[in-house]
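So this one's coords_1.pdb, PDB, C-alpha atoms:
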```
MODEL        1
ATOM      1  CA  MET A1084       0.000   0.000   0.000
ATOM      2  CA  LYS A1085       1.250   3.447  -0.938
ATOM      3  CA  LEU A1086       0.658   6.122   1.731
ATOM      4  CA  GLY A1087       0.125   9.831   1.135
ATOM      5  CA  MET A1088       1.804  12.295   3.509
ATOM      6  CA  ILE A1089       0.758  15.959   3.691
ATOM      7  CA  GLY A1090       2.818  18.257   5.910
ATOM      8  CA  LEU A1091       6.603  17.987   5.887
ATOM      9  CA  GLY A1092       7.588  20.106   8.827
ATOM     10  CA  ARG A1093      10.357  18.711  10.984
ATOM     11  CA  MET A1094       8.226  15.981  12.543
ATOM     12  CA  GLY A1095       6.400  15.094   9.333
ATOM     13  CA  ALA A1096       9.681  14.874   7.438
ATOM     14  CA  ASN A1097      11.179  12.624  10.126
ATOM     15  CA  MET A1098       8.136  10.359  10.070
ATOM     16  CA  THR A1099       8.358  10.159   6.287
ATOM     17  CA  GLN A1100      12.008   9.166   6.522
ATOM     18  CA  ARG A1101      11.284   6.472   9.122
ATOM     19  CA  LEU A1102       8.523   5.000   6.957
ATOM     20  CA  LEU A1103      10.785   4.979   3.898
ATOM     21  CA  LEU A1104      13.525   3.232   5.866
ATOM     22  CA  ALA A1105      10.957   0.590   6.826
ATOM     23  CA  GLY A1106      10.220  -0.041   3.152
ATOM     24  CA  HIS A1107       6.903   1.785   2.793
ATOM     25  CA  GLN A1108       6.028   3.620  -0.414
ATOM     26  CA  LEU A1109       5.078   7.265   0.069
ATOM     27  CA  VAL A1110       3.685  10.146  -1.956
ATOM     28  CA  VAL A1111       4.383  13.494  -0.284
ATOM     29  CA  TYR A1112       3.101  17.048  -0.569
ATOM     30  CA  ASP A1113       3.844  20.286   1.242
ATOM     31  CA  GLN A1114       3.526  23.959   0.314
ATOM     32  CA  ASN A1115       7.285  24.144   0.841
ATOM     33  CA  ALA A1116       8.749  22.827  -2.428
ATOM     34  CA  GLU A1117      12.183  22.357  -0.824
ATOM     35  CA  ALA A1118      10.699  20.025   1.802
ATOM     36  CA  VAL A1119       9.018  17.994  -0.935
ATOM     37  CA  ALA A1120      12.287  17.802  -2.874
ATOM     38  CA  ALA A1121      14.163  16.651   0.225
ATOM     39  CA  SER A1122      11.691  13.826   0.845
ATOM     40  CA  GLY A1123      11.804  12.985  -2.851
ATOM     41  CA  ALA A1124      15.561  12.643  -2.654
ATOM     42  CA  GLY A1125      15.001  10.153   0.169
ATOM     43  CA  GLY A1126      12.812   7.954  -1.987
ATOM     44  CA  ALA A1127       9.311   9.408  -1.734
ATOM     45  CA  ALA A1128       7.256  10.299  -4.810
ATOM     46  CA  ALA A1129       6.642  14.043  -5.008
ATOM     47  CA  ALA A1130       3.181  15.518  -5.589
ATOM     48  CA  ALA A1131       2.486  18.985  -6.954
ATOM     49  CA  SER A1132      -0.783  19.427  -5.051
ATOM     50  CA  VAL A1133      -3.217  17.643  -2.743
ATOM     51  CA  ALA A1134      -5.205  16.508  -5.793
ATOM     52  CA  ASP A1135      -2.048  15.223  -7.473
ATOM     53  CA  LEU A1136      -1.147  13.291  -4.320
ATOM     54  CA  VAL A1137      -4.557  11.589  -4.243
ATOM     55  CA  ASP A1138      -4.268  10.741  -7.951
ATOM     56  CA  LYS A1139      -0.968   8.975  -7.295
ATOM     57  CA  LEU A1140      -2.492   6.635  -4.672
ATOM     58  CA  GLU A1141      -4.307   3.351  -5.210
ATOM     59  CA  ALA A1142      -7.664   2.478  -3.609
ATOM     60  CA  PRO A1143      -8.295   1.997  -0.796
ATOM     61  CA  ARG A1144      -6.251   5.127  -0.231
ATOM     62  CA  ALA A1145      -4.776   6.487   2.998
ATOM     63  CA  VAL A1146      -3.481  10.007   3.545
ATOM     64  CA  TRP A1147      -1.576  11.014   6.690
ATOM     65  CA  ILE A1148      -1.636  14.737   7.532
ATOM     66  CA  MET A1149       0.820  16.456   9.888
ATOM     67  CA  LEU A1150      -0.468  20.030  10.088
ATOM     68  CA  PRO A1151      -0.945  22.720  12.760
ATOM     69  CA  ALA A1152      -4.170  22.610  14.751
ATOM     70  CA  GLY A1153      -7.011  24.771  13.490
ATOM     71  CA  ALA A1154      -8.026  26.227  10.161
ATOM     72  CA  VAL A1155      -5.255  24.750   8.013
ATOM     73  CA  THR A1156      -6.233  21.223   9.058
ATOM     74  CA  ASP A1157      -9.893  21.969   8.287
ATOM     75  CA  THR A1158      -8.950  23.304   4.860
ATOM     76  CA  VAL A1159      -6.928  20.227   3.895
ATOM     77  CA  ILE A1160      -9.473  17.742   5.264
ATOM     78  CA  ASP A1161     -12.268  19.530   3.395
ATOM     79  CA  GLU A1162     -10.221  19.284   0.203
ATOM     80  CA  LEU A1163      -9.510  15.599   0.803
ATOM     81  CA  ALA A1164     -13.213  14.959   1.430
ATOM     82  CA  GLY A1165     -13.912  16.044  -2.135
ATOM     83  CA  LEU A1166     -11.113  13.924  -3.603
ATOM     84  CA  LEU A1167     -11.245  10.645  -1.687
ATOM     85  CA  ALA A1168     -13.889   7.934  -1.972
ATOM     86  CA  SER A1169     -15.761   5.537   0.285
ATOM     87  CA  GLY A1170     -13.333   3.077   1.886
ATOM     88  CA  ASP A1171     -10.449   5.560   1.941
ATOM     89  CA  ALA A1172      -8.935   6.918   5.173
ATOM     90  CA  VAL A1173      -7.417  10.099   6.521
ATOM     91  CA  ILE A1174      -4.944   9.858   9.414
ATOM     92  CA  ASP A1175      -4.504  13.072  11.403
ATOM     93  CA  GLY A1176      -1.233  12.862  13.320
ATOM     94  CA  GLY A1177      -1.167  16.504  14.409
ATOM     95  CA  ASN A1178      -2.083  17.892  17.827
ATOM     96  CA  ALA A1179      -5.716  18.654  17.000
ATOM     97  CA  ASN A1180      -8.353  19.403  19.613
ATOM     98  CA  TYR A1181     -10.366  16.203  19.930
ATOM     99  CA  LYS A1182     -13.642  18.155  19.606
ATOM    100  CA  ASP A1183     -12.517  19.340  16.173
ATOM    101  CA  THR A1184     -11.608  15.742  15.355
ATOM    102  CA  LEU A1185     -15.115  14.548  16.267
ATOM    103  CA  ARG A1186     -16.606  17.171  13.938
ATOM    104  CA  ARG A1187     -14.228  16.294  11.106
ATOM    105  CA  GLY A1188     -14.835  12.591  11.584
ATOM    106  CA  GLU A1189     -18.594  13.030  11.264
ATOM    107  CA  LYS A1190     -18.155  15.025   8.057
ATOM    108  CA  LEU A1191     -15.884  12.413   6.471
ATOM    109  CA  ALA A1192     -18.133   9.561   7.615
ATOM    110  CA  THR A1193     -20.995  10.909   5.484
ATOM    111  CA  ARG A1194     -18.789  10.098   2.470
ATOM    112  CA  GLY A1195     -17.706   6.707   3.792
ATOM    113  CA  ILE A1196     -14.201   7.976   4.586
ATOM    114  CA  ASP A1197     -12.569   6.919   7.876
ATOM    115  CA  LEU A1198     -10.768   9.429  10.064
ATOM    116  CA  LEU A1199      -8.087   7.967  12.304
ATOM    117  CA  ASP A1200      -6.693  10.423  14.835
ATOM    118  CA  ALA A1201      -3.168   9.374  15.724
ATOM    119  CA  GLY A1202      -1.946  11.226  18.776
ATOM    120  CA  THR A1203       1.801  11.227  18.177
ATOM    121  CA  SER A1204       4.585  11.734  20.717
ATOM    122  CA  GLY A1205       8.309  11.558  20.108
ATOM    123  CA  GLY A1206       9.254  14.956  18.776
ATOM    124  CA  ILE A1207      12.637  15.321  17.123
ATOM    125  CA  TRP A1208      13.791  11.979  18.583
ATOM    126  CA  GLY A1209      11.110   9.919  16.866
ATOM    127  CA  LEU A1210      13.151   9.220  13.757
ATOM    128  CA  ALA A1211      15.773   7.310  15.723
ATOM    129  CA  GLU A1212      13.773   6.106  18.732
ATOM    130  CA  GLY A1213      10.312   5.617  17.246
ATOM    131  CA  TYR A1214       7.028   7.363  18.065
ATOM    132  CA  SER A1215       4.386   6.706  20.696
ATOM    133  CA  LEU A1216       1.066   6.499  18.833
ATOM    134  CA  MET A1217      -2.398   6.718  20.398
ATOM    135  CA  VAL A1218      -4.840   5.924  17.600
ATOM    136  CA  GLY A1219      -8.574   6.553  17.548
ATOM    137  CA  GLY A1220     -10.975   5.464  14.820
ATOM    138  CA  ASP A1221     -12.749   2.521  13.249
ATOM    139  CA  THR A1222     -11.241  -0.822  14.297
ATOM    140  CA  GLY A1223     -11.251  -2.223  10.762
ATOM    141  CA  ALA A1224      -9.498   0.836   9.355
ATOM    142  CA  PHE A1225      -6.953   0.666  12.167
ATOM    143  CA  ARG A1226      -6.183  -2.995  11.433
ATOM    144  CA  ARG A1227      -5.784  -2.284   7.716
ATOM    145  CA  LEU A1228      -3.320   0.532   8.415
ATOM    146  CA  GLU A1229      -1.588  -1.086  11.397
ATOM    147  CA  PRO A1230       1.663  -1.792   9.464
ATOM    148  CA  ILE A1231       2.141   1.987   9.196
ATOM    149  CA  PHE A1232       1.809   2.446  12.954
ATOM    150  CA  GLN A1233       4.118  -0.506  13.586
ATOM    151  CA  ALA A1234       6.786   1.045  11.356
ATOM    152  CA  LEU A1235       6.596   4.360  13.196
ATOM    153  CA  ALA A1236       6.490   2.883  16.709
ATOM    154  CA  PRO A1237       9.628   1.880  18.631
ATOM    155  CA  ALA A1238       8.843  -1.773  17.825
ATOM    156  CA  GLU A1239       6.139  -3.782  16.097
ATOM    157  CA  ASN A1240       4.634  -4.857  19.412
ATOM    158  CA  LYS A1241       4.992  -1.773  21.608
ATOM    159  CA  GLY A1242       4.590   1.982  21.595
ATOM    160  CA  TYR A1243       1.243   2.135  19.789
ATOM    161  CA  SER A1244      -2.351   1.122  20.453
ATOM    162  CA  HIS A1245      -5.909   1.543  19.241
ATOM    163  CA  VAL A1246      -7.379   3.549  22.126
ATOM    164  CA  GLY A1247     -10.985   3.925  20.957
ATOM    165  CA  PRO A1248     -13.270   5.498  18.331
ATOM    166  CA  THR A1249     -12.510   8.656  16.355
ATOM    167  CA  GLY A1250     -11.566  11.437  18.770
ATOM    168  CA  ALA A1251     -10.118   9.110  21.408
ATOM    169  CA  GLY A1252      -6.607   9.345  19.974
ATOM    170  CA  HIS A1253      -6.388  13.109  20.181
ATOM    171  CA  PHE A1254      -8.123  13.137  23.578
ATOM    172  CA  THR A1255      -5.547  10.665  24.928
ATOM    173  CA  LYS A1256      -2.675  12.703  23.454
ATOM    174  CA  MET A1257      -4.123  15.865  25.027
ATOM    175  CA  VAL A1258      -4.052  14.246  28.477
ATOM    176  CA  HIS A1259      -0.553  12.888  27.735
ATOM    177  CA  ASN A1260       0.674  16.418  27.098
ATOM    178  CA  GLY A1261      -0.994  17.703  30.262
ATOM    179  CA  VAL A1262       0.899  15.071  32.258
ATOM    180  CA  GLU A1263       4.057  16.144  30.423
ATOM    181  CA  TYR A1264       3.525  19.747  31.588
ATOM    182  CA  ALA A1265       3.274  18.649  35.228
ATOM    183  CA  LEU A1266       6.322  16.363  35.061
ATOM    184  CA  MET A1267       8.458  19.064  33.470
ATOM    185  CA  GLN A1268       7.345  21.575  36.104
ATOM    186  CA  ALA A1269       8.208  19.167  38.937
ATOM    187  CA  TYR A1270      11.734  18.699  37.583
ATOM    188  CA  ALA A1271      12.097  22.463  37.112
ATOM    189  CA  GLU A1272      11.055  23.214  40.689
ATOM    190  CA  GLY A1273      13.262  20.500  42.170
ATOM    191  CA  PHE A1274      16.360  21.643  40.337
ATOM    192  CA  GLU A1275      15.640  25.278  41.191
ATOM    193  CA  LEU A1276      15.579  24.294  44.868
ATOM    194  CA  LEU A1277      18.881  22.488  44.461
ATOM    195  CA  GLN A1278      20.347  25.479  42.639
ATOM    196  CA  ALA A1279      19.303  27.779  45.499
ATOM    197  CA  LYS A1280      21.453  25.735  47.905
ATOM    198  CA  GLN A1281      24.235  25.134  45.404
ATOM    199  CA  ALA A1282      26.725  27.531  46.979
ATOM    200  CA  ASP A1283      26.230  26.228  50.532
ATOM    201  CA  PHE A1284      26.692  22.565  49.661
ATOM    202  CA  ASP A1285      28.812  22.886  46.518
ATOM    203  CA  LEU A1286      26.140  20.944  44.644
ATOM    204  CA  ASP A1287      26.885  19.653  41.160
ATOM    205  CA  LEU A1288      23.443  19.673  39.543
ATOM    206  CA  THR A1289      24.613  17.732  36.501
ATOM    207  CA  ALA A1290      26.106  14.969  38.671
ATOM    208  CA  ILE A1291      22.923  14.827  40.755
ATOM    209  CA  ALA A1292      20.798  14.517  37.627
ATOM    210  CA  ARG A1293      23.042  11.709  36.366
ATOM    211  CA  THR A1294      22.689   9.930  39.721
ATOM    212  CA  TRP A1295      18.894  10.093  39.504
ATOM    213  CA  GLN A1296      19.032   8.432  36.073
ATOM    214  CA  HIS A1297      19.850   5.057  37.661
ATOM    215  CA  GLY A1298      17.729   3.256  40.245
ATOM    216  CA  SER A1299      15.746   6.330  41.269
ATOM    217  CA  VAL A1300      11.937   6.361  41.172
ATOM    218  CA  VAL A1301      12.123   9.738  39.364
ATOM    219  CA  ARG A1302      14.276   8.451  36.482
ATOM    220  CA  SER A1303      12.711   9.120  33.075
ATOM    221  CA  TRP A1304      13.414  10.225  29.528
ATOM    222  CA  LEU A1305      12.668  13.797  30.586
ATOM    223  CA  LEU A1306      15.386  13.471  33.227
ATOM    224  CA  ASP A1307      17.744  12.156  30.532
ATOM    225  CA  LEU A1308      17.002  15.312  28.538
ATOM    226  CA  ALA A1309      17.633  17.444  31.631
ATOM    227  CA  VAL A1310      21.062  15.822  31.912
ATOM    228  CA  ARG A1311      21.803  16.693  28.288
ATOM    229  CA  ALA A1312      20.749  20.307  28.859
ATOM    230  CA  LEU A1313      22.867  20.641  32.020
ATOM    231  CA  GLU A1314      25.882  19.051  30.342
ATOM    232  CA  ASP A1315      25.614  21.571  27.500
ATOM    233  CA  ASP A1316      25.086  24.583  29.785
ATOM    234  CA  PRO A1317      25.385  23.818  33.551
ATOM    235  CA  GLY A1318      23.981  27.183  34.615
ATOM    236  CA  LEU A1319      21.505  27.408  31.719
ATOM    237  CA  GLU A1320      22.793  30.958  31.270
ATOM    238  CA  SER A1321      22.185  30.889  27.528
ATOM    239  CA  LEU A1322      18.411  30.567  27.989
ATOM    240  CA  ALA A1323      15.758  33.097  28.924
ATOM    241  CA  ALA A1324      13.189  32.038  31.535
ATOM    242  CA  TYR A1325      10.407  32.096  28.941
ATOM    243  CA  VAL A1326       8.299  28.982  28.403
ATOM    244  CA  ASP A1327       5.740  28.841  25.612
ATOM    245  CA  ASP A1328       2.778  26.483  25.288
ATOM    246  CA  SER A1329       1.264  25.060  22.127
ATOM    247  CA  GLY A1330      -2.305  24.562  23.325
ATOM    248  CA  GLU A1331      -2.633  20.995  24.609
ATOM    249  CA  GLY A1332      -2.151  22.015  28.253
ATOM    250  CA  ARG A1333      -4.938  24.587  27.945
ATOM    251  CA  TRP A1334      -7.247  22.014  26.363
ATOM    252  CA  THR A1335      -6.485  19.593  29.198
ATOM    253  CA  VAL A1336      -7.279  22.167  31.883
ATOM    254  CA  ASN A1337     -10.457  23.255  30.070
ATOM    255  CA  GLU A1338     -11.574  19.635  29.859
ATOM    256  CA  SER A1339     -10.894  19.109  33.559
ATOM    257  CA  VAL A1340     -13.199  22.036  34.331
ATOM    258  CA  GLU A1341     -15.929  20.716  32.022
ATOM    259  CA  LEU A1342     -15.747  17.247  33.620
ATOM    260  CA  ALA A1343     -15.214  18.583  37.181
ATOM    261  CA  VAL A1344     -12.095  16.431  37.479
ATOM    262  CA  PRO A1345      -9.440  18.286  39.509
ATOM    263  CA  THR A1346      -6.016  18.539  37.859
ATOM    264  CA  PRO A1347      -4.148  20.896  40.208
ATOM    265  CA  ALA A1348      -0.603  19.909  39.200
ATOM    266  CA  ILE A1349      -1.291  20.223  35.457
ATOM    267  CA  THR A1350      -3.152  23.507  35.972
ATOM    268  CA  ALA A1351      -0.372  24.980  38.103
ATOM    269  CA  ALA A1352       2.220  23.944  35.504
ATOM    270  CA  LEU A1353       0.254  25.698  32.763
ATOM    271  CA  TYR A1354      -0.114  28.869  34.827
ATOM    272  CA  GLN A1355       3.605  28.825  35.606
ATOM    273  CA  ARG A1356       4.266  28.941  31.863
ATOM    274  CA  PHE A1357       2.038  31.996  31.581
ATOM    275  CA  ARG A1358       3.935  33.667  34.436
ATOM    276  CA  SER A1359       7.312  32.920  32.812
ATOM    277  CA  ARG A1360       6.417  35.216  29.918
ATOM    278  CA  GLN A1361       5.670  38.272  32.040
ATOM    279  CA  ASP A1362       8.164  40.954  32.978
ATOM    280  CA  GLU A1363       7.251  42.674  36.243
ATOM    281  CA  PRO A1364       3.723  41.181  36.305
ATOM    282  CA  PHE A1365       0.947  43.494  37.471
ATOM    283  CA  GLY A1366      -0.370  40.991  40.001
ATOM    284  CA  ALA A1367       2.953  40.833  41.836
ATOM    285  CA  ARG A1368       3.147  44.633  41.892
ATOM    286  CA  LEU A1369      -0.364  44.787  43.355
ATOM    287  CA  LEU A1370       0.683  42.337  46.088
ATOM    288  CA  ALA A1371       3.595  44.636  46.969
ATOM    289  CA  ALA A1372       1.249  47.632  47.007
ATOM    290  CA  LEU A1373      -1.241  45.909  49.328
ATOM    291  CA  ARG A1374       1.473  44.928  51.837
ATOM    292  CA  ASN A1375       2.634  48.516  51.819
ATOM    293  CA  GLN A1376      -0.906  49.874  52.255
ATOM    294  CA  PHE A1377      -2.009  47.731  55.199
ATOM    295  CA  GLY A1378       1.267  47.226  56.998
ATOM    296  CA  GLY A1379       3.643  49.898  55.820
ATOM    297  CA  HIS A1380       5.991  47.214  54.553
ATOM    298  CA  ALA A1381       8.897  48.415  52.455
ATOM    299  CA  VAL A1382       8.595  48.248  48.683
ATOM    300  CA  ARG A1383      11.116  48.495  45.893
ATOM    301  CA  GLU A1384      10.734  51.290  43.384
ATOM    302  CA  ALA A1385      10.407  50.246  39.760
ATOM    303  CA  GLY A1386      13.492  50.757  37.638
ATOM    304  CA  PRO A1387      13.561  52.705  34.393
ATOM    305  CA  GLN A1388      11.274  51.274  31.708
TER     306      GLN A1388
ENDMDL
END
```
Can you present the structure in this file as structure tokens?
Amino acid sequence: MKLGMIGLGRMGANMTQRLLLAGHQLVVYDQNAEAVAASGAGGAAAAASVADLVDKLEAPRAVWIMLPAGAVTDTVIDELAGLLASGDAVIDGGNANYKDTLRRGEKLATRGIDLLDAGTSGGIWGLAEGYSLMVGGDTGAFRRLEPIFQALAPAENKGYSHVGPTGAGHFTKMVHNGVEYALMQAYAEGFELLQAKQADFDLDLTAIARTWQHGSVVRSWLLDLAVRALEDDPGLESLAAYVDDSGEGRWTVNESVELAVPTPAITAALYQRFRSRQDEPFGARLLAALRNQFGGHAVREAGPQ
């Protein structure tokens, strides 16, 4: 079976390369002609448009899309809906909101087209290590396309699963990313506490992180990445204390409110990211003003703006 791939950003390009190395045939398209040419040089067939990509596939066709959440995904899925036929499938491997996936799945189902939502984790390391895949959608469509997921996963028998109907894959990936936020925040707070006592105890944060990699209950891949970061820059002086978010943490917190399921650690981690982007936040200045007003506590004057 020849697979179509739309979206050759860094992750999409790496996934394409891993599939090609596993012997799969691919037809690729991206608005970036250089990205298409690069994948073509690796063995993929290049398409000049979405329509051209579909024309180059054989029924029953399957098209994997790796696109940003939102309007661009809607646009491409709407185009595919007019080009594909009953029995074909679309696999959405991007970080879409599962509610959008439910809506898109219903639209494609009216044409007999399956939508598999493949929540995908692995980032820039997936090419070498394999991807963790949480797949939602019709069971029959999943079984037909399972060789693709097996090729992308760390092994044929681990790192991927069919988690439920359409929407379940992206919902599971959303929760996965919420957990990721909380784990990263816990490591950040722990190492900040160590750093605060570094001078008193002559603490070597890199050595401590390496120690925790073996036998400790807090060992993890994230800790391995922390070791790499500390080895490259022990004081992390080259980085600004600015942490962005790409949406999944917000969706997780919103869902927890809708379901009345408390997620205090995930919520706090998300809010900490918001705070990291603020210089001299107004709320902190108001706290200083209130202490001064009711107790006459000393305040620091703001520096030049």
key: Exercise: region 1338-1350 of chain A partners within 9 Å, all atoms listed in the file, chain neighbours under 6 positions left out, as number ranges by chain   = A: 1261-1266, 1268-1269, 1332
For the residues in the current selection, export C-alpha atoms as a PDB file, in the frame of the given file.
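Everything below was put into selection09.pdb:
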```pdb
ATOM      1  CA  GLY A1261      -0.994  17.703  30.262  1.00  0.00           C
ATOM      2  CA  VAL A1262       0.899  15.071  32.258  1.00  0.00           C
ATOM      3  CA  GLU A1263       4.057  16.144  30.423  1.00  0.00           C
ATOM      4  CA  TYR A1264       3.525  19.747  31.588  1.00  0.00           C
ATOM      5  CA  ALA A1265       3.274  18.649  35.228  1.00  0.00           C
ATOM      6  CA  LEU A1266       6.322  16.363  35.061  1.00  0.00           C
ATOM      7  CA  GLN A1268       7.345  21.575  36.104  1.00  0.00           C
ATOM      8  CA  ALA A1269       8.208  19.167  38.937  1.00  0.00           C
ATOM      9  CA  GLY A1332      -2.151  22.015  28.253  1.00  0.00           C
TER      10      GLY A1332
END
```
With the cut-off set at 12 Å and counting only C-alpha atoms, tabulate each residue of region 1123-1238 of chain A with an atom at most that distance from an atom of region 1292-1315 of chain A, showing the nearest atom pair and its distance in Å to one decimal, ordered by chain and increasing number, as a Markdown table.
```
| residue | atom | partner | partner_atom | distance |
| --- | --- | --- | --- | --- |
| A:Gly1205 | CA | A:Trp1304 | CA | 10.8 |
| A:Trp1208 | CA | A:Leu1308 | CA | 11.0 |
| A:Glu1212 | CA | A:Trp1304 | CA | 11.6 |
```
Restricting the output to C-alpha atoms, write the selected residues as a PDB file, in the coordinates of the input.
```
ATOM      1  CA  GLY A1205       8.309  11.558  20.108  1.00  0.00           C
ATOM      2  CA  TRP A1208      13.791  11.979  18.583  1.00  0.00           C
ATOM      3  CA  GLU A1212      13.773   6.106  18.732  1.00  0.00           C
TER       4      GLU A1212
END
```
Quick one: everything within 8 Å of region 1093-1109 of chain A, counting all atoms listed in the file, minus sequence neighbours fewer than 4 positions away in the same chain. Send it as a CSV table (one decimal) with C-alpha atoms, in the coordinates of the input.
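The new file result_3.csv reads:
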```csv
chain,number,residue,atom,x,y,z
A,1084,MET,CA,0.0,0.0,0.0
A,1085,LYS,CA,1.2,3.4,-0.9
A,1086,LEU,CA,0.7,6.1,1.7
A,1087,GLY,CA,0.1,9.8,1.1
A,1088,MET,CA,1.8,12.3,3.5
A,1118,ALA,CA,10.7,20.0,1.8
A,1122,SER,CA,11.7,13.8,0.8
A,1125,GLY,CA,15.0,10.2,0.2
A,1126,GLY,CA,12.8,8.0,-2.0
A,1127,ALA,CA,9.3,9.4,-1.7
A,1128,ALA,CA,7.3,10.3,-4.8
A,1149,MET,CA,0.8,16.5,9.9
A,1206,GLY,CA,9.3,15.0,18.8
A,1207,ILE,CA,12.6,15.3,17.1
A,1209,GLY,CA,11.1,9.9,16.9
A,1210,LEU,CA,13.2,9.2,13.8
A,1231,ILE,CA,2.1,2.0,9.2
A,1234,ALA,CA,6.8,1.0,11.4
A,1235,LEU,CA,6.6,4.4,13.2
```
query = CA of Ala1164 (chain A) to CA of Ala1121 (chain A): how many Å, to one decimal?
reply =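 For CA of Ala1164 (chain A) relative to CA of Ala1121 (chain A), the distance reads 27.5 Å.
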query = If the PyMOL selection byres ((chain A and resi 1220-1224) around 9) is run on the structure shown, which residues does it catch, given as a PyMOL selection string?
reply = chain A and resi 1170-1172+1188+1197-1201+1218-1219+1225-1229+1245-1252
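Across the structure, CA of Ser1169 (chain A) and CA of Asp1157 (chain A) are spaced 19.2 Å apart.
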request  = Tell me which of A:Gln1361, A:Gly1202, A:Gly1123, A:Trp1147 sits closest to Asn1178 (chain A), counting all atoms listed in the file.
outcome  =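 Using all atoms listed in the file, Asn1178 (chain A) sits closest to A:Gly1202.
Minimum distance to Ala1179 (chain A) across A:Asp1135, A:Glu1331, A:Glu1363, A:Glu1272 (counting all atoms listed in the file) occurs at A:Glu1331.
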Could you please fill out region 1237-1248 of chain A with N, CA, C and O atoms and send it back as a PDB file, in the coordinates of the input?
```pdb
ATOM      1  N   PRO A1237       8.299   2.388  18.276  1.00  0.00           N
ATOM      2  CA  PRO A1237       9.628   1.880  18.631  1.00  0.00           C
ATOM      3  C   PRO A1237       9.845   0.414  18.259  1.00  0.00           C
ATOM      4  O   PRO A1237      10.963  -0.001  18.002  1.00  0.00           O
ATOM      5  N   ALA A1238       8.763  -0.367  18.230  1.00  0.00           N
ATOM      6  CA  ALA A1238       8.843  -1.773  17.825  1.00  0.00           C
ATOM      7  C   ALA A1238       7.465  -2.202  17.339  1.00  0.00           C
ATOM      8  O   ALA A1238       6.468  -1.528  17.597  1.00  0.00           O
ATOM      9  N   GLU A1239       7.404  -3.329  16.662  1.00  0.00           N
ATOM     10  CA  GLU A1239       6.139  -3.782  16.097  1.00  0.00           C
ATOM     11  C   GLU A1239       5.109  -4.127  17.161  1.00  0.00           C
ATOM     12  O   GLU A1239       3.914  -4.159  16.872  1.00  0.00           O
ATOM     13  N   ASN A1240       5.560  -4.409  18.374  1.00  0.00           N
ATOM     14  CA  ASN A1240       4.634  -4.857  19.412  1.00  0.00           C
ATOM     15  C   ASN A1240       4.570  -3.921  20.618  1.00  0.00           C
ATOM     16  O   ASN A1240       4.072  -4.303  21.676  1.00  0.00           O
ATOM     17  N   LYS A1241       5.075  -2.706  20.479  1.00  0.00           N
ATOM     18  CA  LYS A1241       4.992  -1.773  21.608  1.00  0.00           C
ATOM     19  C   LYS A1241       5.078  -0.335  21.114  1.00  0.00           C
ATOM     20  O   LYS A1241       5.631  -0.047  20.051  1.00  0.00           O
ATOM     21  N   GLY A1242       4.507   0.560  21.907  1.00  0.00           N
ATOM     22  CA  GLY A1242       4.590   1.982  21.595  1.00  0.00           C
ATOM     23  C   GLY A1242       3.420   2.512  20.793  1.00  0.00           C
ATOM     24  O   GLY A1242       3.403   3.693  20.447  1.00  0.00           O
ATOM     25  N   TYR A1243       2.434   1.660  20.489  1.00  0.00           N
ATOM     26  CA  TYR A1243       1.243   2.135  19.789  1.00  0.00           C
ATOM     27  C   TYR A1243       0.053   1.300  20.232  1.00  0.00           C
ATOM     28  O   TYR A1243       0.204   0.153  20.678  1.00  0.00           O
ATOM     29  N   SER A1244      -1.146   1.877  20.138  1.00  0.00           N
ATOM     30  CA  SER A1244      -2.351   1.122  20.453  1.00  0.00           C
ATOM     31  C   SER A1244      -3.564   1.806  19.853  1.00  0.00           C
ATOM     32  O   SER A1244      -3.550   3.004  19.554  1.00  0.00           O
ATOM     33  N   HIS A1245      -4.607   1.019  19.660  1.00  0.00           N
ATOM     34  CA  HIS A1245      -5.909   1.543  19.241  1.00  0.00           C
ATOM     35  C   HIS A1245      -6.669   1.859  20.523  1.00  0.00           C
ATOM     36  O   HIS A1245      -7.071   0.953  21.254  1.00  0.00           O
ATOM     37  N   VAL A1246      -6.855   3.153  20.818  1.00  0.00           N
ATOM     38  CA  VAL A1246      -7.379   3.549  22.126  1.00  0.00           C
ATOM     39  C   VAL A1246      -8.885   3.742  22.142  1.00  0.00           C
ATOM     40  O   VAL A1246      -9.477   3.905  23.215  1.00  0.00           O
ATOM     41  N   GLY A1247      -9.544   3.747  20.976  1.00  0.00           N
ATOM     42  CA  GLY A1247     -10.985   3.925  20.957  1.00  0.00           C
ATOM     43  C   GLY A1247     -11.470   4.476  19.632  1.00  0.00           C
ATOM     44  O   GLY A1247     -10.738   4.487  18.641  1.00  0.00           O
ATOM     45  N   PRO A1248     -12.711   4.967  19.569  1.00  0.00           N
ATOM     46  CA  PRO A1248     -13.270   5.498  18.331  1.00  0.00           C
ATOM     47  C   PRO A1248     -12.645   6.836  17.960  1.00  0.00           C
ATOM     48  O   PRO A1248     -11.820   7.386  18.710  1.00  0.00           O
TER      49      PRO A1248
END
```
